[in-house]
file final_29.pdb (PDB, C-alpha atoms and all ligand atoms)
ATOM      1  CA  MET A 781     -18.390   2.063 -21.584
ATOM      2  CA  GLY A 782     -15.254   4.091 -21.239
ATOM      3  CA  VAL A 783     -14.527   4.385 -24.947
ATOM      4  CA  LEU A 784     -15.309   7.703 -26.648
ATOM      5  CA  ALA A 785     -13.842   6.462 -29.938
ATOM      6  CA  ARG A 786     -11.440   3.821 -31.156
ATOM      7  CA  GLY A 787      -9.889   2.700 -34.402
ATOM      8  CA  ARG A 788      -7.254   0.562 -36.046
ATOM      9  CA  VAL A 789      -4.981   1.153 -39.030
ATOM     10  CA  ALA A 790      -2.545  -1.159 -40.776
ATOM     11  CA  HIS A 791       0.377  -0.679 -43.118
ATOM     12  CA  GLY A 792       2.675  -3.436 -44.323
ATOM     13  CA  ARG A 793       3.567  -5.692 -41.415
ATOM     14  CA  ARG A 794       2.400  -3.327 -38.704
ATOM     15  CA  SER A 795      -0.876  -2.082 -37.268
ATOM     16  CA  ALA A 796      -1.836   0.484 -34.664
ATOM     17  CA  GLU A 797      -4.878   0.545 -32.425
ATOM     18  CA  TRP A 798      -5.963   3.803 -30.782
ATOM     19  CA  VAL A 799      -8.545   4.716 -28.143
ATOM     20  CA  PHE A 800      -9.816   7.972 -26.662
ATOM     21  CA  THR A 801     -11.494   7.276 -23.326
ATOM     22  CA  ASP A 802     -14.437   9.044 -21.683
ATOM     23  CA  ARG A 803     -15.369   9.140 -17.978
ATOM     24  CA  LEU A 804     -17.913   6.310 -17.967
ATOM     25  CA  GLY A 805     -17.612   2.880 -16.395
ATOM     26  CA  GLY A 806     -14.654   3.081 -14.019
ATOM     27  CA  ALA A 807     -13.992   2.489 -10.312
ATOM     28  CA  SER A 808     -13.675   6.122  -9.169
ATOM     29  CA  SER A 809     -16.408   8.090  -7.410
ATOM     30  CA  GLY A 810     -17.335  11.669  -6.554
ATOM     31  CA  PRO A 811     -15.693  14.312  -8.748
ATOM     32  CA  TYR A 812     -13.499  11.595 -10.288
ATOM     33  CA  SER A 813     -16.323   9.346 -11.379
ATOM     34  CA  GLU A 814     -15.936   7.116 -13.020
ATOM     35  CA  LEU A 815     -12.974   6.305 -15.248
ATOM     36  CA  ASN A 816     -10.341   8.702 -13.870
ATOM     37  CA  LEU A 817      -6.822   7.939 -15.133
ATOM     38  CA  GLY A 818      -5.029  10.850 -13.470
ATOM     39  CA  GLY A 819      -2.715   9.827 -10.642
ATOM     40  CA  SER A 820      -2.123  13.236  -9.070
ATOM     41  CA  VAL A 821      -5.573  14.778  -8.954
ATOM     42  CA  GLY A 822      -6.621  13.615  -5.463
ATOM     43  CA  ASP A 823      -8.365  10.366  -6.384
ATOM     44  CA  ASP A 824      -7.913   7.039  -4.549
ATOM     45  CA  PRO A 825      -4.730   5.455  -6.025
ATOM     46  CA  ALA A 826      -6.329   1.984  -5.949
ATOM     47  CA  CYS A 827      -9.217   3.216  -8.114
ATOM     48  CA  VAL A 828      -6.804   4.903 -10.529
ATOM     49  CA  ALA A 829      -4.785   1.682 -10.792
ATOM     50  CA  ASP A 830      -7.980  -0.298 -11.508
ATOM     51  CA  ASN A 831      -9.045   2.227 -14.141
ATOM     52  CA  ARG A 832      -5.643   2.179 -15.834
ATOM     53  CA  ARG A 833      -5.725  -1.612 -15.983
ATOM     54  CA  ALA A 834      -9.222  -1.487 -17.499
ATOM     55  CA  VAL A 835      -8.097   0.962 -20.184
ATOM     56  CA  ALA A 836      -4.966  -1.074 -20.933
ATOM     57  CA  ALA A 837      -7.215  -4.119 -21.362
ATOM     58  CA  MET A 838      -9.204  -2.211 -24.011
ATOM     59  CA  VAL A 839      -6.125  -2.572 -26.228
ATOM     60  CA  GLU A 840      -5.221  -6.028 -24.913
ATOM     61  CA  CYS A 841      -2.343  -4.790 -22.756
ATOM     62  CA  THR A 842      -1.672  -5.147 -19.034
ATOM     63  CA  GLY A 843      -0.546  -1.580 -18.334
ATOM     64  CA  LEU A 844      -0.049   1.925 -19.728
ATOM     65  CA  ALA A 845       3.303   3.631 -20.309
ATOM     66  CA  LEU A 846       2.744   7.184 -19.046
ATOM     67  CA  VAL A 847       4.740  10.378 -18.646
ATOM     68  CA  ARG A 848       4.600  13.118 -16.005
ATOM     69  CA  GLN A 849       3.143  15.961 -18.060
ATOM     70  CA  VAL A 850       4.657  19.401 -17.483
ATOM     71  CA  HIS A 851       3.423  21.557 -20.422
ATOM     72  CA  GLY A 852       6.818  21.442 -22.120
ATOM     73  CA  ARG A 853       8.386  20.210 -25.344
ATOM     74  CA  ASP A 854      10.269  17.099 -24.222
ATOM     75  CA  VAL A 855       9.624  13.752 -25.892
ATOM     76  CA  ALA A 856      10.230  10.557 -23.897
ATOM     77  CA  LEU A 857      11.158   7.420 -25.832
ATOM     78  CA  LEU A 858       9.835   4.485 -23.809
ATOM     79  CA  ARG A 859      10.386   0.785 -24.491
ATOM     80  CA  ALA A 860       8.688  -0.520 -21.344
ATOM     81  CA  ILE A 861       6.416   0.802 -18.610
ATOM     82  CA  PRO A 862       8.705   3.031 -16.507
ATOM     83  CA  ASP A 863       8.909   2.628 -12.716
ATOM     84  CA  GLU A 864       8.891   6.403 -12.469
ATOM     85  CA  PRO A 865       7.222   8.235 -15.388
ATOM     86  CA  PRO A 866       9.698  10.716 -16.905
ATOM     87  CA  ALA A 867       8.770  14.404 -17.207
ATOM     88  CA  ALA A 868       7.628  14.907 -20.801
ATOM     89  CA  ASP A 869       4.540  15.892 -22.790
ATOM     90  CA  ALA A 870       5.028  13.448 -25.627
ATOM     91  CA  VAL A 871       5.713   9.729 -25.367
ATOM     92  CA  ILE A 872       6.976   7.744 -28.307
ATOM     93  CA  THR A 873       7.768   4.054 -28.689
ATOM     94  CA  ASP A 874       9.186   1.694 -31.271
ATOM     95  CA  GLN A 875       8.062  -1.346 -29.281
ATOM     96  CA  ALA A 876       5.152  -3.425 -30.537
ATOM     97  CA  GLY A 877       2.682  -4.275 -27.780
ATOM     98  CA  LEU A 878       3.494  -1.316 -25.503
ATOM     99  CA  ALA A 879       0.420   0.863 -24.871
ATOM    100  CA  ILE A 880       1.450   4.507 -24.483
ATOM    101  CA  ALA A 881      -0.916   7.211 -23.266
ATOM    102  CA  VAL A 882      -1.372  10.836 -22.291
ATOM    103  CA  GLN A 883      -3.911  12.094 -19.726
ATOM    104  CA  VAL A 884      -6.035  15.177 -20.311
ATOM    105  CA  ALA A 885      -9.009  17.228 -19.139
ATOM    106  CA  ASP A 886      -9.365  20.136 -21.645
ATOM    107  CA  CYS A 887      -5.859  19.917 -23.136
ATOM    108  CA  VAL A 888      -5.750  17.974 -26.386
ATOM    109  CA  PRO A 889      -4.522  14.371 -26.687
ATOM    110  CA  VAL A 890      -2.870  13.723 -30.056
ATOM    111  CA  LEU A 891      -2.070  10.201 -31.261
ATOM    112  CA  LEU A 892       0.449   9.616 -34.054
ATOM    113  CA  ALA A 893       1.287   6.497 -36.059
ATOM    114  CA  ASP A 894       4.315   6.107 -38.318
ATOM    115  CA  LEU A 895       3.807   2.486 -39.287
ATOM    116  CA  ALA A 896       6.398   2.459 -42.090
ATOM    117  CA  GLY A 897       9.004   3.679 -39.615
ATOM    118  CA  GLY A 898       7.669   1.527 -36.781
ATOM    119  CA  ARG A 899       6.835   4.237 -34.266
ATOM    120  CA  VAL A 900       3.740   5.521 -32.499
ATOM    121  CA  ALA A 901       3.382   8.526 -30.216
ATOM    122  CA  ALA A 902       0.945  10.133 -27.782
ATOM    123  CA  VAL A 903       1.184  13.880 -27.207
ATOM    124  CA  HIS A 904      -0.428  16.235 -24.661
ATOM    125  CA  ALA A 905      -0.867  19.884 -25.654
ATOM    126  CA  GLY A 906      -2.585  22.791 -23.977
ATOM    127  CA  TRP A 907      -1.944  26.367 -25.046
ATOM    128  CA  ARG A 908       1.611  26.126 -23.711
ATOM    129  CA  GLY A 909       2.146  22.932 -25.695
ATOM    130  CA  VAL A 910       0.882  24.659 -28.828
ATOM    131  CA  VAL A 911       3.303  27.559 -28.262
ATOM    132  CA  ALA A 912       6.135  25.070 -27.637
ATOM    133  CA  ASP A 913       5.083  22.948 -30.669
ATOM    134  CA  VAL A 914       5.323  19.705 -28.735
ATOM    135  CA  VAL A 915       3.538  17.965 -31.629
ATOM    136  CA  GLY A 916       6.347  19.104 -33.930
ATOM    137  CA  ALA A 917       8.902  17.820 -31.430
ATOM    138  CA  ALA A 918       7.318  14.356 -31.575
ATOM    139  CA  LEU A 919       7.105  14.444 -35.382
ATOM    140  CA  GLU A 920      10.828  15.244 -35.609
ATOM    141  CA  GLN A 921      11.403  11.718 -34.268
ATOM    142  CA  MET A 922       9.070  10.084 -36.771
ATOM    143  CA  ALA A 923       8.769   9.645 -40.554
ATOM    144  CA  PRO A 924       9.358  12.412 -43.114
ATOM    145  CA  ALA A 925       6.527  14.751 -44.107
ATOM    146  CA  GLY A 926       3.149  13.293 -44.895
ATOM    147  CA  GLN A 927       3.754   9.716 -43.791
ATOM    148  CA  VAL A 928       2.329   9.927 -40.294
ATOM    149  CA  GLN A 929      -1.341   9.410 -39.413
ATOM    150  CA  ALA A 930      -2.743  11.642 -36.667
ATOM    151  CA  TRP A 931      -5.861  11.589 -34.473
ATOM    152  CA  VAL A 932      -6.692  14.734 -32.509
ATOM    153  CA  GLY A 933      -8.893  13.918 -29.518
ATOM    154  CA  PRO A 934     -11.444  15.870 -27.492
ATOM    155  CA  ALA A 935     -10.425  19.181 -25.905
ATOM    156  CA  ILE A 936     -11.981  22.427 -24.768
ATOM    157  CA  CYS A 937     -13.272  24.371 -27.772
ATOM    158  CA  PRO A 938     -12.430  28.026 -28.414
ATOM    159  CA  SER A 939     -16.009  29.150 -27.668
ATOM    160  CA  CYS A 940     -15.536  27.853 -24.110
ATOM    161  CA  TYR A 941     -11.843  28.574 -23.566
ATOM    162  CA  GLU A 942     -11.417  32.166 -22.426
ATOM    163  CA  VAL A 943      -7.834  33.274 -21.792
ATOM    164  CA  SER A 944      -6.128  36.582 -21.113
ATOM    165  CA  ALA A 945      -5.320  38.836 -24.070
ATOM    166  CA  GLN A 946      -1.642  38.232 -23.228
ATOM    167  CA  VAL A 947      -1.996  34.446 -23.610
ATOM    168  CA  ARG A 948      -3.971  34.808 -26.835
ATOM    169  CA  ASP A 949      -1.257  37.118 -28.225
ATOM    170  CA  GLU A 950       1.509  34.720 -27.184
ATOM    171  CA  VAL A 951      -0.264  31.860 -28.955
ATOM    172  CA  ALA A 952      -1.042  33.996 -32.025
ATOM    173  CA  ASP A 953       2.668  34.906 -32.361
ATOM    174  CA  GLN A 954       3.554  31.202 -32.752
ATOM    175  CA  VAL A 955       0.433  29.706 -34.355
ATOM    176  CA  PRO A 956      -1.997  32.294 -35.786
ATOM    177  CA  GLU A 957      -4.557  29.534 -36.441
ATOM    178  CA  ALA A 958      -4.900  28.936 -32.683
ATOM    179  CA  ALA A 959      -5.918  32.499 -31.836
ATOM    180  CA  ALA A 960      -9.680  32.674 -31.344
ATOM    181  CA  TRP A 961     -12.610  34.333 -29.587
ATOM    182  CA  THR A 962     -15.125  32.906 -27.126
ATOM    183  CA  ARG A 963     -18.821  33.052 -27.868
ATOM    184  CA  ALA A 964     -18.883  36.087 -25.548
ATOM    185  CA  GLY A 965     -16.293  37.794 -27.765
ATOM    186  CA  THR A 966     -13.390  37.589 -25.307
ATOM    187  CA  PRO A 967      -9.879  36.302 -26.155
ATOM    188  CA  ALA A 968      -9.658  32.531 -26.550
ATOM    189  CA  VAL A 969      -7.338  29.755 -27.704
ATOM    190  CA  ASP A 970      -8.267  26.999 -30.157
ATOM    191  CA  VAL A 971      -5.892  24.246 -29.037
ATOM    192  CA  ARG A 972      -7.202  21.699 -31.546
ATOM    193  CA  GLY A 973      -7.052  24.241 -34.384
ATOM    194  CA  GLY A 974      -3.475  25.030 -33.387
ATOM    195  CA  VAL A 975      -2.472  21.371 -33.378
ATOM    196  CA  LEU A 976      -4.142  20.756 -36.754
ATOM    197  CA  ALA A 977      -2.176  23.695 -38.190
ATOM    198  CA  GLN A 978       1.073  22.327 -36.748
ATOM    199  CA  LEU A 979       0.341  18.897 -38.252
ATOM    200  CA  ARG A 980      -0.347  20.510 -41.645
ATOM    201  CA  ARG A 981       3.109  22.100 -41.588
ATOM    202  CA  HIS A 982       4.412  18.519 -41.601
ATOM    203  CA  GLY A 983       2.080  17.554 -44.446
ATOM    204  CA  ILE A 984      -0.348  15.711 -42.170
ATOM    205  CA  GLU A 985      -4.147  16.059 -42.128
ATOM    206  CA  GLY A 986      -5.133  15.232 -38.556
ATOM    207  CA  GLU A 987      -8.499  13.592 -37.956
ATOM    208  CA  LEU A 988     -10.633  15.327 -35.304
ATOM    209  CA  ILE A 989     -12.186  12.889 -32.834
ATOM    210  CA  GLY A 990     -14.865  13.900 -30.322
ATOM    211  CA  GLY A 991     -15.926  17.382 -29.355
ATOM    212  CA  CYS A 992     -15.604  19.891 -26.547
ATOM    213  CA  THR A 993     -14.653  18.572 -23.096
ATOM    214  CA  PHE A 994     -16.293  21.565 -21.374
ATOM    215  CA  GLU A 995     -19.630  20.895 -23.096
ATOM    216  CA  ASP A 996     -19.679  17.071 -22.993
ATOM    217  CA  PRO A 997     -20.747  15.761 -19.565
ATOM    218  CA  HIS A 998     -19.246  12.366 -20.430
ATOM    219  CA  LEU A 999     -15.756  13.920 -20.480
ATOM    220  CA  PHE A1000     -13.617  15.404 -17.711
ATOM    221  CA  SER A1001     -13.104  19.172 -17.942
ATOM    222  CA  TYR A1002     -10.750  21.012 -15.613
ATOM    223  CA  ARG A1003     -12.118  24.409 -16.670
ATOM    224  CA  ARG A1004     -15.677  23.295 -15.896
ATOM    225  CA  ASP A1005     -15.112  21.350 -12.656
ATOM    226  CA  THR A1006     -11.580  22.193 -11.319
ATOM    227  CA  THR A1007     -11.517  19.120  -9.039
ATOM    228  CA  THR A1008     -11.960  16.351 -11.571
ATOM    229  CA  GLY A1009     -10.375  13.350 -13.279
ATOM    230  CA  ARG A1010      -8.474  12.794 -16.503
ATOM    231  CA  GLN A1011      -9.341  10.869 -19.654
ATOM    232  CA  ALA A1012      -6.701   9.536 -22.012
ATOM    233  CA  GLY A1013      -5.545   9.022 -25.540
ATOM    234  CA  VAL A1014      -3.962   5.570 -25.890
ATOM    235  CA  ILE A1015      -2.146   3.975 -28.816
ATOM    236  CA  VAL A1016      -0.388   0.641 -29.306
ATOM    237  CA  MET A1017       1.532  -0.681 -32.307
ATOM    238  CA  ARG A1018       1.543  -4.351 -33.288
ATOM    239  CA  GLU A1019       3.549  -6.495 -35.628
ATOM    240  CA  ILE A1020       1.194  -8.458 -37.863
ATOM    241  CA  VAL A1021       1.952 -12.155 -37.718
ATOM    242  CA  MET A1022       1.894 -13.477 -41.266
ATOM    243  CA  GLY A1023       0.976 -17.004 -40.266
ATOM    244  CA  GLU A1024       3.937 -18.465 -42.159
ATOM    245  CA  GLU A1025       5.432 -21.746 -41.142
ATOM    246  CA  THR A1026       8.892 -21.101 -39.747
ATOM    247  CA  SER A1027       9.689 -24.802 -39.079
TER     248      SER A1027
HETATM  249 ZN    ZN B   1     -16.966  24.271 -25.982
END
call {"tool": "encode", "arguments": {"input": "final_29.pdb", "output": "structure tokens", "more": "lines below"}}
Ligand SMILES: [Zn+2]
result
Amino acid sequence: MGVLARGRVAHGRRSAEWVFTDRLGGASSGPYSELNLGGSVGDDPACVADNRRAVAAMVECTGLALVRQVHGRDVALLRAIPDEPPAADAVITDQAGLAIAVQVADCVPVLLADLAGGRVAAVHAGWRGVVADVVGAALEQMAPAGQVQAWVGPAICPSCYEVSAQVRDEVADQVPEAAAWTRAGTPAVDVRGGVLAQLRRHGIEGELIGGCTFEDPHLFSYRRDTTTGRQAGVIVMREIVMGEETS
């Protein structure tokens, strides 16, 4: 309950564990039911706090280091859970044991692991984030080309994501791969396709996880429901204890 998909990778002395949540099994009710992680969507703050603790516990942590997402290009380097989340759309850490997360409901959560360099990141990108290349901004603070692993979580698919012709053109100017059409033949944006293309420019093959938020009733979708909750992409890095006697 609550986990859409999870995985773990290891390299050398470090590992990373990642989770994409769904909306099942939390404390929230009504339009936020059940596992809403968004703190500014109108839900009961006590329920959100409970849900965040439950998700942190999925990766054996006590809390989540979050940012205040603003559809920009800023990357926040966090080494502890901030009292006041900084405004940023990517969060990066070099601290083992700190769970970092982004919250989404149609935008795409992207999780990055640079285990050789000792950094993990969580990135939030909608069409504005694709235009701004916020994924590229996070990668600039990580390992050289090809050495980062990337998981691209659930988001609204282009068949469901109608936008104005102006937005589609703006996206197409920056990332042609993200320009798309809905199933009705109207202008659309493929946010996951755009992010995959941006990862490829850094030599990274992102792994697609999950499907379309608009079509999956187990996921929050802002376009579908307007008043709704947020799911998350969460990642935590760990140092592998070698079990050596240190005397
Ligand atoms: Zn769809």
call {"tool": "resolve_selection", "arguments": {"input": "final_29.pdb", "expression": "the PyMOL selection byres (((not hetatm)) within 12 of (chain B and resi 1))", "output": "PyMOL selection string"}}
result
chain A and resi 886+934-942+961-964+968-972+990-997+999+1001+1003-1004
call {"tool": "resolve_selection", "arguments": {"input": "final_29.pdb", "expression": "the PyMOL selection byres (((chain A and resi 861) around 12) and not hetatm)", "output": "number ranges by chain"}}
result
A: 836, 841-847, 856-860, 862-866, 871-873, 875, 877-881
call {"tool": "closest_residue", "arguments": {"input": "final_29.pdb", "among": "A:Gly805, A:Arg948, A:Arg1010, A:Val839", "to": "Gly787 (chain A)", "atoms": "all atoms listed in the file"}}
result
A:Val839
call {"tool": "closest_residue", "arguments": {"input": "final_29.pdb", "among": "A:Gln954, A:Val884, A:Leu895, A:Leu817", "to": "Tyr1002 (chain A)", "atoms": "all atoms listed in the file"}}
result
A:Val884
call {"tool": "residues_near_point", "arguments": {"input": "final_29.pdb", "point": "(2.4, -9.0, -36.0)", "cutoff": "9 Å", "atoms": "all atoms listed in the file", "output": "PyMOL selection string"}}
result
chain A and resi 793-795+876+1018-1022
call {"tool": "atom_distance", "arguments": {"input": "final_29.pdb", "atom1": "CA of Val915 (chain A)", "atom2": "CA of Leu979 (chain A)"}}
result
7.4 Å
call {"tool": "resolve_selection", "arguments": {"input": "final_29.pdb", "expression": "the PyMOL selection byres (((chain A and resi 814) around 12) and not hetatm)", "output": "PDB file with C-alpha atoms, keeping the file's coordinate frame"}}
result
ATOM      1  CA  MET A 781     -18.390   2.063 -21.584  1.00  0.00           C
ATOM      2  CA  GLY A 782     -15.254   4.091 -21.239  1.00  0.00           C
ATOM      3  CA  THR A 801     -11.494   7.276 -23.326  1.00  0.00           C
ATOM      4  CA  ASP A 802     -14.437   9.044 -21.683  1.00  0.00           C
ATOM      5  CA  ARG A 803     -15.369   9.140 -17.978  1.00  0.00           C
ATOM      6  CA  LEU A 804     -17.913   6.310 -17.967  1.00  0.00           C
ATOM      7  CA  GLY A 805     -17.612   2.880 -16.395  1.00  0.00           C
ATOM      8  CA  GLY A 806     -14.654   3.081 -14.019  1.00  0.00           C
ATOM      9  CA  ALA A 807     -13.992   2.489 -10.312  1.00  0.00           C
ATOM     10  CA  SER A 808     -13.675   6.122  -9.169  1.00  0.00           C
ATOM     11  CA  SER A 809     -16.408   8.090  -7.410  1.00  0.00           C
ATOM     12  CA  GLY A 810     -17.335  11.669  -6.554  1.00  0.00           C
ATOM     13  CA  PRO A 811     -15.693  14.312  -8.748  1.00  0.00           C
ATOM     14  CA  TYR A 812     -13.499  11.595 -10.288  1.00  0.00           C
ATOM     15  CA  SER A 813     -16.323   9.346 -11.379  1.00  0.00           C
ATOM     16  CA  LEU A 815     -12.974   6.305 -15.248  1.00  0.00           C
ATOM     17  CA  ASN A 816     -10.341   8.702 -13.870  1.00  0.00           C
ATOM     18  CA  LEU A 817      -6.822   7.939 -15.133  1.00  0.00           C
ATOM     19  CA  GLY A 818      -5.029  10.850 -13.470  1.00  0.00           C
ATOM     20  CA  ASP A 823      -8.365  10.366  -6.384  1.00  0.00           C
ATOM     21  CA  ASP A 824      -7.913   7.039  -4.549  1.00  0.00           C
ATOM     22  CA  CYS A 827      -9.217   3.216  -8.114  1.00  0.00           C
ATOM     23  CA  VAL A 828      -6.804   4.903 -10.529  1.00  0.00           C
ATOM     24  CA  ASP A 830      -7.980  -0.298 -11.508  1.00  0.00           C
ATOM     25  CA  ASN A 831      -9.045   2.227 -14.141  1.00  0.00           C
ATOM     26  CA  ARG A 832      -5.643   2.179 -15.834  1.00  0.00           C
ATOM     27  CA  ALA A 834      -9.222  -1.487 -17.499  1.00  0.00           C
ATOM     28  CA  PRO A 997     -20.747  15.761 -19.565  1.00  0.00           C
ATOM     29  CA  HIS A 998     -19.246  12.366 -20.430  1.00  0.00           C
ATOM     30  CA  LEU A 999     -15.756  13.920 -20.480  1.00  0.00           C
ATOM     31  CA  PHE A1000     -13.617  15.404 -17.711  1.00  0.00           C
ATOM     32  CA  THR A1008     -11.960  16.351 -11.571  1.00  0.00           C
ATOM     33  CA  GLY A1009     -10.375  13.350 -13.279  1.00  0.00           C
ATOM     34  CA  ARG A1010      -8.474  12.794 -16.503  1.00  0.00           C
ATOM     35  CA  GLN A1011      -9.341  10.869 -19.654  1.00  0.00           C
TER      36      GLN A1011
END
call {"tool": "closest_residue", "arguments": {"input": "final_29.pdb", "among": "A:Gln929, A:Ala901, A:Gly909, A:Ile1015", "to": "Gly983 (chain A)", "atoms": "all atoms listed in the file"}}
result
A:Gln929
call {"tool": "decode", "arguments": {"input": "final_29.pdb", "residues": "region 888-909 of chain A", "atoms": "N, CA and C atoms", "output": "PDB file, in the first residue's frame"}}
result
ATOM      1  N   VAL A 888       6.194  15.400 -13.770  1.00  0.00           N
ATOM      2  CA  VAL A 888       6.970  14.169 -13.662  1.00  0.00           C
ATOM      3  C   VAL A 888       8.003  14.264 -12.534  1.00  0.00           C
ATOM      4  N   PRO A 889       8.044  13.237 -11.680  1.00  0.00           N
ATOM      5  CA  PRO A 889       9.122  13.136 -10.681  1.00  0.00           C
ATOM      6  C   PRO A 889      10.286  12.341 -11.278  1.00  0.00           C
ATOM      7  N   VAL A 890      11.482  12.906 -11.187  1.00  0.00           N
ATOM      8  CA  VAL A 890      12.670  12.253 -11.744  1.00  0.00           C
ATOM      9  C   VAL A 890      13.666  12.045 -10.609  1.00  0.00           C
ATOM     10  N   LEU A 891      14.130  10.817 -10.446  1.00  0.00           N
ATOM     11  CA  LEU A 891      15.095  10.491  -9.397  1.00  0.00           C
ATOM     12  C   LEU A 891      16.425  10.143 -10.035  1.00  0.00           C
ATOM     13  N   LEU A 892      17.516  10.705  -9.483  1.00  0.00           N
ATOM     14  CA  LEU A 892      18.843  10.549 -10.055  1.00  0.00           C
ATOM     15  C   LEU A 892      19.807  10.033  -8.994  1.00  0.00           C
ATOM     16  N   ALA A 893      20.680   9.108  -9.399  1.00  0.00           N
ATOM     17  CA  ALA A 893      21.696   8.596  -8.472  1.00  0.00           C
ATOM     18  C   ALA A 893      23.062   8.625  -9.142  1.00  0.00           C
ATOM     19  N   ASP A 894      23.978   9.328  -8.513  1.00  0.00           N
ATOM     20  CA  ASP A 894      25.385   9.383  -8.916  1.00  0.00           C
ATOM     21  C   ASP A 894      26.165   8.769  -7.753  1.00  0.00           C
ATOM     22  N   LEU A 895      26.219   7.440  -7.736  1.00  0.00           N
ATOM     23  CA  LEU A 895      26.783   6.770  -6.565  1.00  0.00           C
ATOM     24  C   LEU A 895      28.299   6.887  -6.518  1.00  0.00           C
ATOM     25  N   ALA A 896      28.959   6.957  -7.685  1.00  0.00           N
ATOM     26  CA  ALA A 896      30.416   7.144  -7.675  1.00  0.00           C
ATOM     27  C   ALA A 896      30.758   8.500  -7.065  1.00  0.00           C
ATOM     28  N   GLY A 897      29.970   9.508  -7.410  1.00  0.00           N
ATOM     29  CA  GLY A 897      30.214  10.853  -6.895  1.00  0.00           C
ATOM     30  C   GLY A 897      29.570  11.098  -5.537  1.00  0.00           C
ATOM     31  N   GLY A 898      28.702  10.179  -5.101  1.00  0.00           N
ATOM     32  CA  GLY A 898      28.096  10.327  -3.783  1.00  0.00           C
ATOM     33  C   GLY A 898      26.997  11.364  -3.720  1.00  0.00           C
ATOM     34  N   ARG A 899      26.140  11.390  -4.753  1.00  0.00           N
ATOM     35  CA  ARG A 899      25.037  12.347  -4.749  1.00  0.00           C
ATOM     36  C   ARG A 899      23.779  11.706  -5.312  1.00  0.00           C
ATOM     37  N   VAL A 900      22.641  12.060  -4.743  1.00  0.00           N
ATOM     38  CA  VAL A 900      21.350  11.691  -5.320  1.00  0.00           C
ATOM     39  C   VAL A 900      20.511  12.960  -5.445  1.00  0.00           C
ATOM     40  N   ALA A 901      19.524  12.903  -6.349  1.00  0.00           N
ATOM     41  CA  ALA A 901      18.681  14.072  -6.579  1.00  0.00           C
ATOM     42  C   ALA A 901      17.260  13.642  -6.880  1.00  0.00           C
ATOM     43  N   ALA A 902      16.317  14.544  -6.572  1.00  0.00           N
ATOM     44  CA  ALA A 902      14.911  14.382  -6.942  1.00  0.00           C
ATOM     45  C   ALA A 902      14.491  15.671  -7.649  1.00  0.00           C
ATOM     46  N   VAL A 903      13.868  15.517  -8.808  1.00  0.00           N
ATOM     47  CA  VAL A 903      13.547  16.663  -9.656  1.00  0.00           C
ATOM     48  C   VAL A 903      12.067  16.625 -10.018  1.00  0.00           C
ATOM     49  N   HIS A 904      11.447  17.820 -10.039  1.00  0.00           N
ATOM     50  CA  HIS A 904      10.041  17.977 -10.438  1.00  0.00           C
ATOM     51  C   HIS A 904      10.011  18.763 -11.739  1.00  0.00           C
ATOM     52  N   ALA A 905       9.351  18.210 -12.764  1.00  0.00           N
ATOM     53  CA  ALA A 905       9.268  18.923 -14.044  1.00  0.00           C
ATOM     54  C   ALA A 905       7.893  18.783 -14.669  1.00  0.00           C
ATOM     55  N   GLY A 906       7.259  19.911 -14.900  1.00  0.00           N
ATOM     56  CA  GLY A 906       6.090  19.981 -15.774  1.00  0.00           C
ATOM     57  C   GLY A 906       6.569  20.542 -17.110  1.00  0.00           C
ATOM     58  N   TRP A 907       5.652  21.096 -17.897  1.00  0.00           N
ATOM     59  CA  TRP A 907       6.134  21.617 -19.190  1.00  0.00           C
ATOM     60  C   TRP A 907       7.092  22.787 -18.992  1.00  0.00           C
ATOM     61  N   ARG A 908       6.861  23.580 -17.954  1.00  0.00           N
ATOM     62  CA  ARG A 908       7.782  24.700 -17.689  1.00  0.00           C
ATOM     63  C   ARG A 908       9.160  24.187 -17.282  1.00  0.00           C
ATOM     64  N   GLY A 909       9.165  23.102 -16.498  1.00  0.00           N
ATOM     65  CA  GLY A 909      10.434  22.508 -16.082  1.00  0.00           C
ATOM     66  C   GLY A 909      11.192  21.895 -17.243  1.00  0.00           C
TER      67      GLY A 909
END
